[in-house]
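Quick look at input33.txt (compact mmCIF, C-alpha atoms and all ligand atoms):
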# COMPACT_ATOMS: atom_id res chain seq x y z
CA MET M 1 -17.59 16.14 20.20
CA ILE M 2 -15.96 12.94 21.44
CA VAL M 3 -16.66 10.04 19.15
CA VAL M 4 -16.48 6.70 20.93
CA GLU M 5 -15.83 3.83 18.59
CA THR M 6 -18.19 1.02 19.42
CA ALA M 7 -18.46 -2.46 18.03
CA SER M 8 -21.93 -3.30 16.93
CA ARG M 9 -21.72 -6.59 15.07
CA ALA M 10 -20.41 -9.85 16.44
CA ALA M 11 -19.41 -13.15 14.92
CA ILE M 12 -19.76 -16.09 17.29
CA LEU M 13 -17.55 -19.12 16.63
CA ILE M 14 -18.64 -22.49 17.97
CA SER M 15 -17.83 -26.19 17.76
CA GLY M 16 -20.51 -27.83 19.86
CA SER M 17 -23.70 -27.55 21.82
CA GLY M 18 -23.69 -23.77 21.96
CA THR M 19 -25.25 -23.09 25.35
CA ASN M 20 -23.18 -19.91 25.55
CA LEU M 21 -24.39 -18.94 22.10
CA GLN M 22 -27.93 -19.51 23.38
CA ALA M 23 -27.27 -17.15 26.30
CA PHE M 24 -26.30 -14.44 23.77
CA ILE M 25 -29.34 -15.20 21.63
CA ASP M 26 -31.64 -14.99 24.66
CA ARG M 27 -30.19 -11.65 25.71
CA GLN M 28 -30.51 -10.31 22.19
CA ARG M 29 -34.14 -11.39 22.11
CA GLU M 30 -34.73 -9.58 25.40
CA GLY M 31 -33.09 -6.45 23.98
CA ARG M 32 -30.30 -6.67 26.55
CA LEU M 33 -27.31 -7.05 24.23
CA ALA M 34 -25.26 -4.04 23.15
CA PHE M 35 -24.51 -5.55 19.73
CA GLU M 36 -26.06 -7.65 17.03
CA ILE M 37 -25.11 -11.31 16.52
CA ALA M 38 -24.34 -10.95 12.82
CA VAL M 39 -23.18 -14.48 12.05
CA VAL M 40 -22.40 -17.82 13.69
CA CYS M 41 -19.66 -20.03 12.28
CA SER M 42 -18.77 -23.60 13.24
CA ASN M 43 -15.88 -25.90 12.38
CA ARG M 44 -18.24 -28.88 12.72
CA ALA M 45 -21.33 -29.39 10.60
CA ASP M 46 -23.03 -31.35 13.40
CA ALA M 47 -22.62 -28.64 16.07
CA TYR M 48 -25.99 -28.21 17.78
CA GLY M 49 -25.25 -24.51 18.07
CA LEU M 50 -25.94 -24.24 14.33
CA VAL M 51 -29.51 -25.38 15.02
CA ARG M 52 -29.80 -22.71 17.69
CA ALA M 53 -28.56 -20.05 15.23
CA GLU M 54 -30.92 -21.27 12.52
CA ARG M 55 -33.91 -21.18 14.90
CA ALA M 56 -33.01 -17.64 15.89
CA GLY M 57 -32.76 -16.60 12.22
CA ILE M 58 -29.05 -15.82 12.48
CA PRO M 59 -26.91 -16.39 9.36
CA ASN M 60 -24.53 -19.27 9.92
CA CYS M 61 -21.79 -21.17 8.19
CA THR M 62 -19.58 -24.21 8.57
CA ARG M 63 -15.93 -24.49 7.65
CA ALA M 64 -14.73 -28.03 8.34
CA HIS M 65 -11.15 -27.75 9.54
CA GLY M 66 -10.31 -31.24 8.21
CA GLU M 67 -10.71 -29.98 4.66
CA PHE M 68 -7.80 -27.56 4.95
CA ALA M 69 -4.10 -28.25 4.59
CA ASP M 70 -3.05 -26.27 7.63
CA ARG M 71 -4.30 -24.08 10.44
CA GLU M 72 -3.83 -20.79 8.66
CA SER M 73 -5.65 -21.78 5.49
CA PHE M 74 -8.60 -22.89 7.63
CA ASP M 75 -8.49 -19.57 9.49
CA ARG M 76 -8.31 -17.61 6.25
CA SER M 77 -11.41 -19.43 5.03
CA VAL M 78 -13.27 -18.63 8.27
CA ALA M 79 -12.25 -14.96 7.99
CA ALA M 80 -13.48 -14.88 4.38
CA ALA M 81 -16.80 -16.41 5.45
CA LEU M 82 -17.23 -13.76 8.16
CA GLU M 83 -16.16 -10.85 5.95
CA PRO M 84 -19.59 -10.15 4.36
CA TYR M 85 -21.03 -9.68 7.86
CA ALA M 86 -18.34 -7.14 8.80
CA PRO M 87 -17.98 -8.20 12.43
CA ASP M 88 -16.25 -5.81 14.83
CA LEU M 89 -16.19 -8.36 17.61
CA LEU M 90 -15.41 -12.08 17.62
CA ILE M 91 -16.77 -14.25 20.39
CA LEU M 92 -15.32 -17.74 20.79
CA ALA M 93 -17.99 -19.83 22.47
CA GLY M 94 -16.73 -23.37 22.80
CA PHE M 95 -14.71 -23.06 19.59
CA MET M 96 -12.29 -25.97 19.86
CA ARG M 97 -9.63 -24.80 17.45
CA ILE M 98 -6.41 -23.00 18.23
CA LEU M 99 -6.28 -19.86 16.10
CA SER M 100 -3.26 -19.06 13.96
CA PRO M 101 -1.15 -15.96 14.67
CA TRP M 102 -2.45 -14.59 11.37
CA PHE M 103 -6.07 -14.73 12.56
CA VAL M 104 -5.32 -13.39 16.04
CA ARG M 105 -3.40 -10.43 14.60
CA ARG M 106 -6.14 -9.68 12.08
CA TYR M 107 -8.71 -9.29 14.85
CA GLU M 108 -6.34 -8.11 17.57
CA GLY M 109 -8.13 -6.70 20.59
CA ARG M 110 -11.49 -7.79 19.22
CA ILE M 111 -11.55 -11.50 20.12
CA LEU M 112 -12.87 -12.84 23.41
CA ASN M 113 -12.88 -16.40 24.70
CA ILE M 114 -14.31 -18.03 27.78
CA HIS M 115 -12.30 -20.66 29.59
CA PRO M 116 -13.79 -22.90 32.29
CA ALA M 117 -11.30 -22.12 35.06
CA LEU M 118 -10.18 -19.21 37.19
CA LEU M 119 -7.37 -18.08 34.91
CA PRO M 120 -4.41 -18.02 35.14
CA LEU M 121 -5.13 -21.32 36.94
CA TYR M 122 -5.71 -24.34 34.72
CA PRO M 123 -5.22 -23.35 31.11
CA GLY M 124 -5.89 -26.28 28.78
CA LEU M 125 -8.32 -29.18 29.04
CA HIS M 126 -10.10 -31.16 31.80
CA THR M 127 -10.26 -28.21 34.16
CA HIS M 128 -13.10 -29.56 36.33
CA ARG M 129 -11.28 -32.82 36.99
CA ARG M 130 -8.02 -31.02 37.73
CA VAL M 131 -9.72 -28.67 40.21
CA LEU M 132 -11.22 -31.65 42.08
CA GLU M 133 -7.91 -33.52 42.08
CA ALA M 134 -6.15 -30.48 43.51
CA GLY M 135 -8.79 -30.12 46.26
CA ASP M 136 -9.39 -26.45 45.40
CA SER M 137 -12.03 -24.58 47.38
CA HIS M 138 -13.16 -22.51 44.39
CA HIS M 139 -13.60 -22.87 40.67
CA GLY M 140 -15.20 -20.89 37.91
CA SER M 141 -14.83 -19.49 34.44
CA THR M 142 -13.00 -16.54 32.95
CA VAL M 143 -13.62 -14.32 29.94
CA HIS M 144 -10.30 -13.27 28.43
CA PHE M 145 -8.87 -11.54 25.41
CA VAL M 146 -7.45 -13.91 22.85
CA THR M 147 -3.78 -13.49 22.08
CA GLU M 148 -1.30 -15.82 20.46
CA GLU M 149 -0.75 -17.60 23.77
CA LEU M 150 -3.32 -20.37 24.40
CA ASP M 151 -5.73 -19.34 27.20
CA GLY M 152 -3.10 -16.72 28.01
CA GLY M 153 -4.58 -13.38 26.91
CA PRO M 154 -5.48 -10.82 29.58
CA PRO M 155 -8.35 -12.07 31.75
CA VAL M 156 -11.25 -9.67 32.02
CA LEU M 157 -14.17 -11.06 34.00
CA ALA M 158 -14.35 -14.21 36.13
CA GLY M 159 -17.34 -15.93 37.71
CA ARG M 160 -16.45 -17.89 40.83
CA ILE M 161 -18.25 -20.69 42.64
CA ALA M 162 -17.40 -22.65 45.79
CA VAL M 163 -16.53 -26.30 45.21
CA GLU M 164 -18.87 -28.53 47.25
CA PRO M 165 -17.75 -31.84 48.78
CA ALA M 166 -20.20 -33.76 46.59
CA ASP M 167 -19.09 -32.08 43.34
CA THR M 168 -18.11 -34.21 40.35
CA PRO M 169 -16.64 -33.02 37.05
CA GLU M 170 -20.17 -33.18 35.66
CA SER M 171 -21.78 -31.13 38.43
CA LEU M 172 -18.99 -28.57 38.19
CA ASN M 173 -19.46 -28.40 34.46
CA ASP M 174 -23.18 -27.62 34.87
CA ARG M 175 -22.63 -25.00 37.55
CA VAL M 176 -19.72 -23.36 35.74
CA GLN M 177 -21.67 -23.18 32.50
CA ALA M 178 -24.59 -21.47 34.27
CA VAL M 179 -22.08 -18.86 35.45
CA GLU M 180 -20.66 -18.49 31.94
CA HIS M 181 -24.09 -17.65 30.61
CA ARG M 182 -24.18 -14.69 32.99
CA ILE M 183 -20.65 -13.30 32.66
CA TYR M 184 -19.93 -13.77 28.96
CA PRO M 185 -22.61 -11.45 27.58
CA GLU M 186 -21.68 -8.88 30.20
CA ALA M 187 -18.00 -8.83 29.22
CA ALA M 188 -18.80 -8.85 25.50
CA ASP M 189 -21.04 -5.83 26.04
CA TRP M 190 -18.10 -4.01 27.64
CA LEU M 191 -16.00 -4.62 24.53
CA ALA M 192 -18.83 -3.74 22.17
CA THR M 193 -19.45 -0.43 23.88
CA GLY M 194 -15.78 0.54 24.06
CA ARG M 195 -15.53 0.25 27.85
CA LEU M 196 -13.12 -2.66 27.54
CA ARG M 197 -10.00 -2.35 25.43
CA LEU M 198 -6.77 -4.14 24.73
CA SER M 199 -3.90 -1.75 24.52
CA GLU M 200 -0.28 -2.80 24.17
CA GLY M 201 -1.15 -6.28 25.37
CA ALA M 202 -2.98 -5.13 28.51
CA ALA M 203 -6.70 -4.87 29.20
CA THR M 204 -8.34 -1.67 30.40
CA LEU M 205 -11.88 -1.17 31.65
CA ASP M 206 -13.22 2.37 31.61
CA GLY M 207 -9.66 3.54 31.03
CA GLU M 208 -8.28 1.81 34.13
CA PRO M 209 -5.79 -1.06 33.80
CA LEU M 210 -7.24 -4.45 34.64
CA ASP M 211 -4.31 -6.00 36.48
CA ALA M 212 -6.52 -8.91 37.46
CA PRO M 213 -9.96 -9.87 36.22
CA ILE M 214 -13.09 -8.51 37.86
CA VAL M 215 -14.44 -11.42 39.93
CA ARG M 216 -18.12 -12.09 40.55
CA ASP M 217 -19.17 -14.67 43.12
CA PHE M 218 -22.14 -16.88 42.37
C1 LIG F 301 -17.78 -23.77 27.73
O1 LIG F 301 -17.88 -24.40 28.97
C2 LIG F 301 -16.53 -22.94 27.64
O2 LIG F 301 -15.96 -22.66 28.86
C3 LIG F 301 -15.58 -23.78 26.85
O3 LIG F 301 -16.38 -24.56 26.02
C4 LIG F 301 -17.67 -24.73 26.57
C5 LIG F 301 -18.67 -24.47 25.50
O4 LIG F 301 -19.95 -24.85 25.83
N1 LIG F 301 -14.64 -22.94 26.18
P1 LIG F 301 -21.19 -24.45 24.89
O5 LIG F 301 -20.90 -25.04 23.51
O6 LIG F 301 -21.31 -22.98 24.89
O7 LIG F 301 -22.35 -25.15 25.52
Could you write out this file's structure as structure tokens?
Amino acid sequence: MIVVETASRAAILISGSGTNLQAFIDRQREGRLAFEIAVVCSNRADAYGLVRAERAGIPNCTRAHGEFADRESFDRSVAAALEPYAPDLLILAGFMRILSPWFVRRYEGRILNIHPALLPLYPGLHTHRRVLEAGDSHHGSTVHFVTEELDGGPPVLAGRIAVEPADTPESLNDRVQAVEHRIYPEAADWLATGRLRLSEGAATLDGEPLDAPIVRDF
């Protein structure tokens, strides 16, 4: 018998409004998520995503990064807070902290992030503005594995939209987020069910190397 290891419990880390978290919650409610959202953790006590978690009856916690001497001690405190929930999968959903090498290694191959750009284009901040300034025809968002390089882990699944002449950073933000709510649960399901793996720094889907992310047009 072949035993496929599958992740079944996720921790979702947030810092803000949590619309991506809400997309996961909605899919879980509809029975369309391959894992359980075991815990939500924020680095800000006023993150609206905590209200969303509370309303959905999901355990949640706050670890305020300002109360820790350095990045790693904050990360160790987050890991300790998650420990009782035994997550197999970590989903960064608007979590605005750079993770320490210690944390990334601890959960290697089990952390996903979503970045609002077509990676490897535009790592970092202000992606919508930069896309408009560059006059790009397309924009989007990318789910990627988290490695020690910021926004630099292997990209897995991208959602792409056409930039319209009338677009502003705000309109792009709204349209890109709507795409995120579709692609992020899909990619997380792949990881949870063992279809997606990180092996020797490279992503594979169904055993095939992902040299570039899968791209969906919206
Ligand atoms: C998303 O747009 C994501 O790309 C970025 O942070 C934003 C989080 O939004 N990493 P929300 O908190 O899920 O609404």
Can you tell me, as a compact mmCIF listing (two decimals) with C-alpha atoms, in the coordinates of the input, what residues are no more than 7 Å from stretch 171-187 of chain M when counting only C-alpha atoms, ignoring any on the same chain fewer than 3 positions away?
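The file below, part_8.txt, is the result:
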# COMPACT_ATOMS: atom_id res chain seq x y z
CA ASN M 20 -23.18 -19.91 25.55
CA ALA M 23 -27.27 -17.15 26.30
CA PHE M 24 -26.30 -14.44 23.77
CA PRO M 116 -13.79 -22.90 32.29
CA HIS M 128 -13.10 -29.56 36.33
CA GLY M 140 -15.20 -20.89 37.91
CA SER M 141 -14.83 -19.49 34.44
CA VAL M 143 -13.62 -14.32 29.94
CA LEU M 157 -14.17 -11.06 34.00
CA GLY M 159 -17.34 -15.93 37.71
CA ASP M 167 -19.09 -32.08 43.34
CA THR M 168 -18.11 -34.21 40.35
CA TRP M 190 -18.10 -4.01 27.64
CA LEU M 191 -16.00 -4.62 24.53
Per residue of chain M within 6 Å of ligand LIG 301 (chain F), what are the shortest atom pair and its distance in Å to one decimal, counting only C-alpha atoms and all ligand atoms, with rows by chain and residue number, as JSON lines?
{"residue": "M:Gly16", "atom": "CA", "partner": "F:LIG301", "partner_atom": "O5", "distance": 4.6}
{"residue": "M:Ser17", "atom": "CA", "partner": "F:LIG301", "partner_atom": "O5", "distance": 4.1}
{"residue": "M:Gly18", "atom": "CA", "partner": "F:LIG301", "partner_atom": "O5", "distance": 3.4}
{"residue": "M:Thr19", "atom": "CA", "partner": "F:LIG301", "partner_atom": "O7", "distance": 3.6}
{"residue": "M:Asn20", "atom": "CA", "partner": "F:LIG301", "partner_atom": "O6", "distance": 3.7}
{"residue": "M:Leu21", "atom": "CA", "partner": "F:LIG301", "partner_atom": "O6", "distance": 5.8}
{"residue": "M:Ala93", "atom": "CA", "partner": "F:LIG301", "partner_atom": "O6", "distance": 5.2}
{"residue": "M:Gly94", "atom": "CA", "partner": "F:LIG301", "partner_atom": "O3", "distance": 3.5}
{"residue": "M:Ile114", "atom": "CA", "partner": "F:LIG301", "partner_atom": "O2", "distance": 5.0}
{"residue": "M:His115", "atom": "CA", "partner": "F:LIG301", "partner_atom": "O2", "distance": 4.2}
{"residue": "M:Pro116", "atom": "CA", "partner": "F:LIG301", "partner_atom": "O2", "distance": 4.1}
{"residue": "M:Gln177", "atom": "CA", "partner": "F:LIG301", "partner_atom": "O1", "distance": 5.3}
**Q.** Using only C-alpha atoms: which of M:Leu112, M:Leu150, M:Val40, M:Ile25 has the shortest distance to M:Ser100
**A.** M:Leu150
Can you pull out every residue within 9 Å of M:Ala56, counting only C-alpha atoms, but drop anything in the same chain fewer than 4 positions away, and send it as an mmCIF file with C-alpha atoms, in the frame of the given file?
data_model
loop_
_atom_site.group_PDB
_atom_site.id
_atom_site.type_symbol
_atom_site.label_atom_id
_atom_site.label_comp_id
_atom_site.auth_asym_id
_atom_site.auth_seq_id
_atom_site.Cartn_x
_atom_site.Cartn_y
_atom_site.Cartn_z
ATOM 1 C CA ILE M 25 -29.340 -15.200 21.630
ATOM 2 C CA ARG M 29 -34.140 -11.390 22.110
ATOM 3 C CA VAL M 51 -29.510 -25.380 15.020
ATOM 4 C CA ARG M 52 -29.800 -22.710 17.690
#
Q) Pick from M:Gly207, M:Asp88, M:Ala11, M:Ala81: nearest to M:Ile58, with only C-alpha atoms counted? A) M:Ala11
Q: In Å, rounded to a single decimal, give me how far atom CA of M:Leu121 is from atom CA of M:Ala203.
A: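 Result for atom CA of M:Ala203 versus atom CA of M:Leu121: 18.2 Å, one decimal.
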Q: Considering all atoms listed in the file, return as a PyMOL selection string whatever protein or nucleic-acid residues lie within 8 Å of M:Asp217, sequence-local ones (same chain, fewer than 2 positions apart) excluded.
A: chain M and resi 159-161+215
How about saving the chosen residues, C-alpha atoms kept, as a compact mmCIF listing (two decimals), in the coordinates of the input?
# COMPACT_ATOMS: atom_id res chain seq x y z
CA GLY M 159 -17.34 -15.93 37.71
CA ARG M 160 -16.45 -17.89 40.83
CA ILE M 161 -18.25 -20.69 42.64
CA VAL M 215 -14.44 -11.42 39.93
